[in-house]
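Remarks on the structure that follows.
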Amino acid sequence: MRIGELADTVGVSVRALRYYEEQGLLASHRTPRGQRIYPPAAVDRVELIQQLYAAGLPSRAILELLPCVDAGVRTPGSMARLAAERDRIDRQITGLLATRDRLDAVIAIAGDATHPCAHKLNVSA
């Protein structure tokens with residue numbers, strides 16, 4: 001598939017796909033006219049890259065971890081890195097859940113016009 005088709009399929013910009021290639025995260029081959037062509041597996045690859053970026057991994061870390069995904073290459077170092085990233089993500093999730101709980105409490109107070117703090121939140125009944 002061409003670069004525009006891949007971008008549309010996964011919902012990323014063409015510029016992002018070019019960046020992934022520059023970083024060595026994604027590969028294409030070129031037609032004689034110079035157009036990038038991606039294999040069908042590129043959809044899953046880009047979705048994984050997007051997930052890892054969303055989880056806070058930089059491109060260098062993603063590049064280091066992709067052999068684990070691609071070829072099942074598992075070294076003690078790569079397994080330690082995967083475990084460390086998973087633990088970091090778990091801490092983020094815990095923090096996000098705590099933040100959501102606090103927001104829920106504020107929303108509950110804001111929705112209760114009789115609560116003593118509701119006036120401090122500029123809530124009108």
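The way I read the labels, and the way they are meant: chains A, B, ... in the order of the structure tokens, residue 1 as the first residue of every chain, and ligand 1 as the first ligand shown, with later ones counted on from there.
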
Do a neighbour search on A:Leu82 at 12 Å with only C-alpha atoms, toss out local chain neighbours closer than 3 positions, and write the hits as an mmCIF file with C-alpha atoms, in the first residue's frame.
data_model
loop_
_atom_site.group_PDB
_atom_site.id
_atom_site.type_symbol
_atom_site.label_atom_id
_atom_site.label_comp_id
_atom_site.auth_asym_id
_atom_site.auth_seq_id
_atom_site.Cartn_x
_atom_site.Cartn_y
_atom_site.Cartn_z
ATOM 1 C CA LEU A 52 4.465 2.740 22.463
ATOM 2 C CA LEU A 57 8.589 5.553 25.018
ATOM 3 C CA ALA A 61 13.682 2.864 23.077
ATOM 4 C CA ILE A 62 11.104 1.635 20.578
ATOM 5 C CA GLU A 64 15.697 -1.168 20.775
ATOM 6 C CA LEU A 65 12.574 -3.156 21.623
ATOM 7 C CA LEU A 66 11.296 -3.909 18.114
ATOM 8 C CA PRO A 67 13.570 -6.946 17.598
ATOM 9 C CA CYS A 68 11.743 -8.567 20.519
ATOM 10 C CA VAL A 69 8.515 -8.068 18.603
ATOM 11 C CA ARG A 74 15.003 -11.837 23.717
ATOM 12 C CA THR A 75 18.184 -10.969 25.498
ATOM 13 C CA PRO A 76 18.463 -10.414 29.242
ATOM 14 C CA GLY A 77 18.878 -6.702 28.506
ATOM 15 C CA SER A 78 15.834 -6.464 26.264
ATOM 16 C CA MET A 79 13.692 -8.409 28.725
ATOM 17 C CA GLU A 85 8.789 -0.055 30.678
ATOM 18 C CA ARG A 86 5.852 -2.186 31.794
ATOM 19 C CA ASP A 87 6.485 -1.172 35.419
ATOM 20 C CA ARG A 88 6.713 2.505 34.414
ATOM 21 C CA ILE A 89 3.401 2.203 32.555
#

request  = Give me every strand (DSSP E or B) residue in stretch 21-80 of chain A, going by DSSP on the backbone, as a ChimeraX atom specification.
outcome  = /A:29-30,36-37

Could you dump the residues just selected with N, CA and C atoms as a short mmCIF file (atom, residue, chain, number, x, y, z; two decimals), in the first residue's frame?
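Listed below is the output, again-v5.cif:
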data_model
loop_
_atom_site.label_atom_id
_atom_site.label_comp_id
_atom_site.auth_asym_id
_atom_site.auth_seq_id
_atom_site.Cartn_x
_atom_site.Cartn_y
_atom_site.Cartn_z
N HIS A 29 9.52 -0.20 0.59
CA HIS A 29 10.38 -0.27 -0.60
C HIS A 29 9.87 0.76 -1.60
N ARG A 30 10.72 1.12 -2.51
CA ARG A 30 10.39 2.18 -3.47
C ARG A 30 10.09 1.59 -4.85
N ARG A 36 6.81 5.25 -2.06
CA ARG A 36 6.94 4.28 -0.97
C ARG A 36 5.78 3.29 -1.04
N ILE A 37 6.14 2.02 -0.88
CA ILE A 37 5.14 0.96 -0.82
C ILE A 37 5.37 0.17 0.47
#

Atom CA of A:Leu26 to atom CA of A:Val46, straight-line distance in Å =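 Straight-line distance from atom CA of A:Val46 to atom CA of A:Leu26 works out to 7.6 Å.
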
Secondary structure check, alpha helix (DSSP H) residues of chain A, as a PyMOL selection string = chain A and resi 3-10+14-22+42-54+59-70+76-111

request  = Could you tell me how far atom CA of A:Tyr19 lies from atom CA of A:Thr31, in Å and to one decimal?
outcome  =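 Between atom CA of A:Tyr19 and atom CA of A:Thr31 the gap is 19.3 Å.
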
query = Which is closest to A:Tyr20 among A:Ser59, A:Gln35, A:Gln51, A:Thr94, if we use only C-alpha atoms?
reply =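 Of A:Ser59, A:Gln35, A:Gln51, A:Thr94, the one nearest A:Tyr20 is A:Ser59, counting only C-alpha atoms.
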
task = Extract, using only C-alpha atoms, all DNA, RNA and protein residues at most 10 Å from A:Gly4, discarding same-chain residues fewer than 6 positions from it, and format them as a list of chain:residue names.
result = A:Val12, A:Ser13, A:Val14, A:Arg15, A:Leu17, A:Arg36, A:Ile37

Atom CA of A:Arg18 to atom CA of A:Ala84, distance in Å rounded to a single decimal = 28.6 Å

request  = Name the residues in contact with A:Ala41 at a cut-off of 12 Å, using only C-alpha atoms, excluding same-chain residues fewer than 6 positions from it; report them as an NGL selection string.
outcome  = :A and (1 or 6 or 10 or 26-28 or 47-48 or 70)

Prev. selection, C-alpha atoms, output as a JSON list (two decimals), in the first residue's frame:
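Below is the file that was written, out_18.json:
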[["chain", "number", "residue", "atom", "x", "y", "z"],
["A", 1, "MET", "CA", 0.00, 0.00, 0.00],
["A", 6, "LEU", "CA", -1.26, 3.58, 5.17],
["A", 10, "VAL", "CA", -3.98, 3.90, 10.75],
["A", 26, "LEU", "CA", 9.28, 1.29, 9.73],
["A", 27, "ALA", "CA", 10.46, 0.05, 6.34],
["A", 28, "SER", "CA", 9.12, 0.44, 2.83],
["A", 47, "GLU", "CA", -0.31, 0.83, 15.48],
["A", 48, "LEU", "CA", 2.31, -0.70, 17.81],
["A", 70, "ASP", "CA", 9.78, -8.80, 15.09]]

message = Just want the 8 Å neighbourhood of A:Ile49, counted on only C-alpha atoms, with same-chain residues fewer than 4 positions away dropped. Output as a list in words.
response =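 Close residues of A:Ile49: Leu25, Arg45, Tyr53 and Ile62 of chain A.
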